[in-house]
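Chemist: Have a look at the structure that comes next, please.
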Amino acid sequence: MKKDVAEFVAKCMTCQPVKAEHLLSVPEWKWKKITMDFVVGLPRTLRKHNVIWVIVDRLMQSAHLLLIRLGDSLDKFAELCFSKIVRLHGVPVSIMSSRDL
């Protein structure tokens, strides 16, 4: 089936402009290249958290989900990053986000 899909996409004129031009390289080690994004628009928890900060290792596809508040300071983000990510996995070589935050 994978072969059939690949052949179809290769011949499909609609698919051609949409396909990825720059594939990301595979990381050499876990937690050296990470991606992050935010899940917003959630109802507030009892502790007033309303955003989930999603941090994913690109190699293993494992994730950390951190509860934060909309409007938290950059100091709070740095504190969370060091206490939850760097402490466990070391400093990443690259961090990629689909948003400019």
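The chains in the structure tokens are called A, B, ... from first to last as shown; in each chain the residues are counted from 1, and the ligands are counted from 1 in the order shown.
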Show me, as an mmCIF file with N, CA and C atoms, in the first residue's frame, the residues that have an atom within 9 Å of stretch 46-52 of chain A when counting only C-alpha atoms, minus same-chain residues fewer than 6 positions from it.
Modeler:
```
data_model
loop_
_atom_site.group_PDB
_atom_site.id
_atom_site.type_symbol
_atom_site.label_atom_id
_atom_site.label_comp_id
_atom_site.auth_asym_id
_atom_site.auth_seq_id
_atom_site.Cartn_x
_atom_site.Cartn_y
_atom_site.Cartn_z
ATOM 1 N N ASP A 37 5.536 23.297 21.163
ATOM 2 C CA ASP A 37 4.342 24.018 20.749
ATOM 3 C C ASP A 37 3.461 24.206 21.980
ATOM 4 N N PHE A 38 2.387 24.949 21.796
ATOM 5 C CA PHE A 38 1.489 25.259 22.892
ATOM 6 C C PHE A 38 0.067 24.869 22.516
ATOM 7 N N VAL A 39 -0.638 24.237 23.448
ATOM 8 C CA VAL A 39 -2.064 23.958 23.290
ATOM 9 C C VAL A 39 -2.774 25.021 24.110
ATOM 10 N N VAL A 40 -3.483 25.918 23.424
ATOM 11 C CA VAL A 40 -4.124 27.053 24.096
ATOM 12 C C VAL A 40 -5.638 26.937 23.996
ATOM 13 N N LEU A 65 4.608 17.154 28.750
ATOM 14 C CA LEU A 65 3.475 18.075 28.716
ATOM 15 C C LEU A 65 3.508 18.875 30.011
ATOM 16 N N LEU A 66 3.750 20.165 29.887
ATOM 17 C CA LEU A 66 3.893 21.024 31.058
ATOM 18 C C LEU A 66 2.724 21.996 31.137
ATOM 19 N N LEU A 67 2.086 22.058 32.289
ATOM 20 C CA LEU A 67 0.978 22.987 32.493
ATOM 21 C C LEU A 67 1.525 24.366 32.822
ATOM 22 N N ILE A 68 1.029 25.365 32.111
ATOM 23 C CA ILE A 68 1.447 26.746 32.346
ATOM 24 C C ILE A 68 0.220 27.642 32.310
ATOM 25 N N ARG A 69 0.444 28.895 32.611
ATOM 26 C CA ARG A 69 -0.629 29.892 32.548
ATOM 27 C C ARG A 69 -0.359 30.838 31.385
ATOM 28 N N LEU A 70 -1.398 31.210 30.671
ATOM 29 C CA LEU A 70 -1.262 32.211 29.622
ATOM 30 C C LEU A 70 -0.751 33.489 30.274
#
```
Chemist: Apply DSSP to the structure's backbone, then extract all residues of chain A labelled strand (DSSP E) and return them as a PyMOL selection string.
Modeler: chain A and resi 33-39+51-57+63-68+94-97
Chemist: How would you write, as an MDAnalysis selection string, the set of residues in stretch 9-78 of chain A that DSSP gives as helix (DSSP H, G or I)?
Modeler: chainID A and resid 9:11 74:78
Chemist: So how many Å separate atom CA of A:Val91 and atom CA of A:Ile34, to one decimal?
Modeler: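 Between these atoms lies a distance of 10.2 Å.
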Chemist: To one decimal in Å, tell me the separation between atom CA of A:Ser94 and atom CA of A:Arg58.
Modeler: 10.2 Å
Chemist: Give me, please, the distance in Å between atom CA of A:Trp53 and atom CA of A:Leu80, quoted to one decimal.
Modeler: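 One can read the atom CA of A:Trp53 to atom CA of A:Leu80 distance as 10.0 Å.
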Chemist: Which of these, A:Val26, A:Trp31, A:Pro43, A:Met60, has the shortest distance to A:Arg87 once you count only C-alpha atoms?
Modeler: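 Going through A:Val26, A:Trp31, A:Pro43, A:Met60 one by one, the smallest distance to A:Arg87 is for A:Trp31.
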Chemist: From the list A:Lys2, A:Lys33, A:Arg44, A:Lys76, which residue is nearest A:Met96 when using only C-alpha atoms?
Modeler: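 When distances to A:Met96 are compared using only C-alpha atoms, the smallest one comes from A:Lys33.
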Chemist: Name the closest residue to A:Lys32 among the candidates A:Val5, A:Leu59, A:Leu88, A:Ala78; distances are taken between atoms, counting only C-alpha atoms.
Modeler: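 When distances to A:Lys32 are compared using only C-alpha atoms, the smallest one comes from A:Leu59.
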